[in-house]
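> This structure is in structure tokens; I'll ask about it shortly.
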Amino acid sequence: MADYDCIVLGAGVAGLTAARDLNEKGLKVLVLEGSNRIGGRVRTIDWGDNAPLEIGAELIHRTGQEVPLFWHEIRRYDLDVVDIDKPDMFDPKATFCKKAVQVYLERWRANGESGFRDGIDVIKDKPFRDGHGVIKEVELFRKGKDEPIGKFIEDDLGSPKDTSASKDAYAVADLMFTGTVHGTFENQSVVGTKTDDIYGQESSAEEYHVVGGYGKLVDGLAQGLNIIKKAKIAKVERFAKRVKVTTDAGVVYEGKSCICTFSIGMLKAAVEEGGVEFKPKFSVKRRKALESVGMGPVNKIAIEFNKRVWPENPKLSLITSPSETYRSFFFPFYNQADRPIITALIERDKAEELDKLMGKTTNRRVVNPGGSGQSYKSDDMVTEIVEQLGRMFNQSLTLADVKQYHVMAWGNEPLVRGGTSFIKYTGATHKEVKEIRRALATPDGPLHWAGEATAYRTNAYSVHGAHGSGQLAAKLVLDFLKGKPLKMPPVPRPKKRHPSFKDRK
């Protein structure tokens, strides 16, 4: 006899959304979370003095018109947001905002400028414009077979030349493709980029901070749910009309259905390395889909300086520096008060390096790192970041200028093992690539699936993607329990967009 109508594995946004929806339908639902906290890759920590710090997901990336069901949650839980006006560089009729998003290129400084540009001044630069426009061309990709983004970019921009302008164009194109999902020229899929609608997210006119932190959404979703923390799953056994779940402590739970929200990193982990045993083993189709999705390495380092080291700008929310080692920096919406805080996004090889520097540690707060206290290997990377910022802001900065910093190494988080998912280049056909995430979302009898990697109706790699996947999984569970035949929604057709720079007259 099953104890529950549905057991949800994982208390991230996908799992909590699914559990909340099922609970509201009157089902008996249990959420099992392996860690000592809820939220998954949404994690807000308190730095005191009303300074919530996002060391996981940072922003709401789409507007209410684009993801209305997600924004329904924002209104439902009475969350306040602060909007970030972005320059919509793909819309020829756009009014380009200034100050909120700034771009830095060393080449601009060499021409006698500050090195920073914002608004419409950014797209006056042809190398930037050429590089930025490449991602729009993805929507025109119609080839029968997939290809890696490196080849696609080279076909569009031509062979890279040993000039600062050519290097900047390539760097900007790279950032457009990999700044969101953190793949590489060699391993990221062009068709996957198209299917995941990375361009749609990049070109969204506004982004938003949740006032008080994204954790408030997590708290809202979790209200009234039966959640057991520190219940790490060891085994999931699937039968015809029930699922048996065993924790590493040997506790057994049975449900008429189950929703698994594990990350791609967890699903790929070997049992002997802390992964979960699934019985029966995954089907050939699911294994192939899993192998076609990578876990882009991404970490964060939040740095509070002793004093503000950048020009005063109350609207400043994001700096991108495409040609630099560290390419993206977030400014919390409250940063212009008394807290000079900047958060560096650590990507790809640097993220993997940080995982190693941190050993087995997931997150660490270091106060007065330039003082006489204990030193850490992570100090070296923080020093690199600070020195890069010093060069960008045209001043000398060292670790001694840092009041404190906080590292979040998601690759070391045993229940995550990476950042966000992306579709890998494997030589598959266009049609096969389009169906990868849908295959991951398709239930196996009573065992259902959710999580950002399974989101195929909106952007994966995002909080709203995780939320949408949870809603779909809940609907499919309800249909399963009612004995209805499985009916998976199709992969959406690409939407018509604004013209690219190259289409402009």
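Chain labels follow the order of the structure tokens: the first chain is A, the next B, and so on; residue numbering restarts at 1 in every chain, and ligands are counted from 1 in their shown order.
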Please provide the set of residues having any atom within 10 Å of Leu345 in chain A, restricted to only C-alpha atoms, with same-chain residues fewer than 6 positions apart removed, written as a PyMOL selection string.
chain A and resi 55+179+298-302+326-330+351
> Can you write out the residues you just picked, keeping N, CA and C atoms, as a short mmCIF file (atom, residue, chain, number, x, y, z; two decimals), in the first residue's frame?

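Result went into out.cif, see below:
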data_model
loop_
_atom_site.label_atom_id
_atom_site.label_comp_id
_atom_site.auth_asym_id
_atom_site.auth_seq_id
_atom_site.Cartn_x
_atom_site.Cartn_y
_atom_site.Cartn_z
N ILE A 55 23.51 34.01 -4.08
CA ILE A 55 24.68 33.23 -4.47
C ILE A 55 24.28 32.06 -5.38
N GLY A 179 27.25 32.93 -22.26
CA GLY A 179 27.13 33.68 -21.02
C GLY A 179 25.93 33.27 -20.19
N VAL A 298 29.40 26.85 -13.40
CA VAL A 298 29.25 28.26 -13.08
C VAL A 298 29.20 28.41 -11.56
N ASN A 299 29.96 29.37 -11.05
CA ASN A 299 29.99 29.67 -9.62
C ASN A 299 29.85 31.17 -9.43
N LYS A 300 29.84 31.60 -8.19
CA LYS A 300 29.73 33.02 -7.89
C LYS A 300 30.69 33.41 -6.77
N ILE A 301 31.22 34.62 -6.89
CA ILE A 301 31.97 35.22 -5.79
C ILE A 301 31.43 36.63 -5.58
N ALA A 302 30.82 36.86 -4.43
CA ALA A 302 30.34 38.19 -4.06
C ALA A 302 31.43 38.89 -3.26
N TYR A 326 37.02 37.43 -16.56
CA TYR A 326 35.74 37.41 -15.84
C TYR A 326 34.79 38.34 -16.60
N ARG A 327 33.68 37.77 -17.10
CA ARG A 327 32.89 38.45 -18.12
C ARG A 327 31.63 39.15 -17.62
N SER A 328 31.12 38.78 -16.46
CA SER A 328 29.85 39.34 -16.01
C SER A 328 29.89 39.65 -14.53
N PHE A 329 29.38 40.84 -14.18
CA PHE A 329 29.35 41.29 -12.79
C PHE A 329 27.96 41.86 -12.49
N PHE A 330 27.37 41.37 -11.40
CA PHE A 330 26.06 41.85 -10.98
C PHE A 330 26.21 42.83 -9.82
N ALA A 351 35.39 28.39 -13.39
CA ALA A 351 34.49 27.77 -12.41
C ALA A 351 35.05 26.43 -11.95
#
> So that I can see what lies close to Lys235 in chain A, please list as a PyMOL selection string the residues with an atom at most 8 Å from it, counting only C-alpha atoms and leaving out residues fewer than 6 positions away in the same chain.
chain A and resi 245-247+276-279
> Hey, can you spit out that residue selection with N, CA and C atoms as a PDB file, in the first residue's frame?

ATOM      1  N   VAL A 245      11.007   4.624  -2.648  1.00  0.00           N
ATOM      2  CA  VAL A 245      12.185   5.479  -2.485  1.00  0.00           C
ATOM      3  C   VAL A 245      12.870   5.122  -1.174  1.00  0.00           C
ATOM      4  N   THR A 246      14.186   4.904  -1.233  1.00  0.00           N
ATOM      5  CA  THR A 246      14.960   4.560  -0.039  1.00  0.00           C
ATOM      6  C   THR A 246      16.027   5.616   0.188  1.00  0.00           C
ATOM      7  N   THR A 247      16.113   6.136   1.412  1.00  0.00           N
ATOM      8  CA  THR A 247      17.133   7.130   1.734  1.00  0.00           C
ATOM      9  C   THR A 247      18.433   6.435   2.118  1.00  0.00           C
ATOM     10  N   VAL A 276      22.502   8.270  -7.327  1.00  0.00           N
ATOM     11  CA  VAL A 276      21.314   7.515  -6.921  1.00  0.00           C
ATOM     12  C   VAL A 276      21.145   6.296  -7.820  1.00  0.00           C
ATOM     13  N   GLU A 277      20.783   5.164  -7.223  1.00  0.00           N
ATOM     14  CA  GLU A 277      20.521   3.945  -7.987  1.00  0.00           C
ATOM     15  C   GLU A 277      19.059   3.932  -8.436  1.00  0.00           C
ATOM     16  N   PHE A 278      18.850   3.781  -9.733  1.00  0.00           N
ATOM     17  CA  PHE A 278      17.498   3.688 -10.282  1.00  0.00           C
ATOM     18  C   PHE A 278      17.247   2.263 -10.754  1.00  0.00           C
ATOM     19  N   LYS A 279      16.101   1.709 -10.345  1.00  0.00           N
ATOM     20  CA  LYS A 279      15.692   0.374 -10.786  1.00  0.00           C
ATOM     21  C   LYS A 279      14.268   0.439 -11.335  1.00  0.00           C
TER      22      LYS A 279
END
> Would you kindly return, as a list of chain:residue names, each protein, DNA or RNA residue with an atom no farther than 12 Å from any atom of Val252 in chain A, considering only C-alpha atoms and excluding same-chain residues fewer than 5 positions away?
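Residues near the query, excluding close chain neighbours: A:Ala2, A:Asp3, A:Tyr4, A:Ile7, A:Leu32, A:Ala231, A:Lys232, A:Ile233, A:Ala234, A:Lys235, A:Val236, A:Glu237, A:Val243, A:Lys244, A:Val245, A:Thr246, A:Thr247.
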> Of the candidates A:His448, A:Arg308, A:Arg438, A:Lys431, which shows the shortest atom-to-atom distance to Val491 in chain A, using only C-alpha atoms?
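Closest to Val491 in chain A of all the choices is A:Arg438.
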> Measuring between only C-alpha atoms, which one of A:Arg242, A:Thr193, A:Glu324, A:Arg142 shows the shortest distance to Asp168 in chain A?
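Closest to Asp168 in chain A, using only C-alpha atoms: A:Glu324.
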> Using only C-alpha atoms, which protein or nucleic acid residues come within 7 Å of range 212-216 of chain A? Drop anything in the same chain fewer than 2 positions from it, and give the result as a list in words.
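Listing them by chain and then by number gives Val42, Arg43, Thr44, Pro52, Glu54, Val210, Val218, Asp219 and Gly220 of chain A.
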> Kindly save the residues from that selection, with N, CA and C atoms included, as a compact mmCIF listing (two decimals), in the first residue's frame.

# COMPACT_ATOMS: atom_id res chain seq x y z
N VAL A 42 18.44 28.10 -6.13
CA VAL A 42 18.07 29.42 -5.62
C VAL A 42 18.55 29.48 -4.19
N ARG A 43 19.44 30.41 -3.91
CA ARG A 43 19.96 30.50 -2.54
C ARG A 43 20.26 31.96 -2.21
N THR A 44 19.50 32.49 -1.28
CA THR A 44 19.70 33.86 -0.80
C THR A 44 20.27 33.80 0.60
N PRO A 52 20.33 41.22 1.31
CA PRO A 52 20.25 39.84 0.83
C PRO A 52 21.20 39.63 -0.34
N GLU A 54 22.37 37.07 -3.44
CA GLU A 54 22.02 35.92 -4.27
C GLU A 54 23.30 35.19 -4.67
N VAL A 210 14.35 40.33 -7.24
CA VAL A 210 13.29 40.18 -6.24
C VAL A 210 13.75 40.89 -4.98
N VAL A 218 10.81 30.95 -2.89
CA VAL A 218 10.94 29.59 -2.37
C VAL A 218 10.09 29.41 -1.12
N ASP A 219 10.18 30.38 -0.21
CA ASP A 219 9.39 30.30 1.03
C ASP A 219 7.90 30.27 0.73
N GLY A 220 7.48 31.06 -0.25
CA GLY A 220 6.06 31.07 -0.61
C GLY A 220 5.59 29.73 -1.14
> So that I can check the surroundings of Lys145 in chain A, please list as a PyMOL selection string every protein, DNA and RNA residue that reaches within 7 Å of it, counting only C-alpha atoms and ignoring chain neighbours fewer than 4 positions away.
chain A and resi 427-430
> Between A:Asn50, A:Thr426, A:Asp248, A:Tyr461, single out the one closest to Gly275 in chain A, counting only C-alpha atoms.
A:Asp248
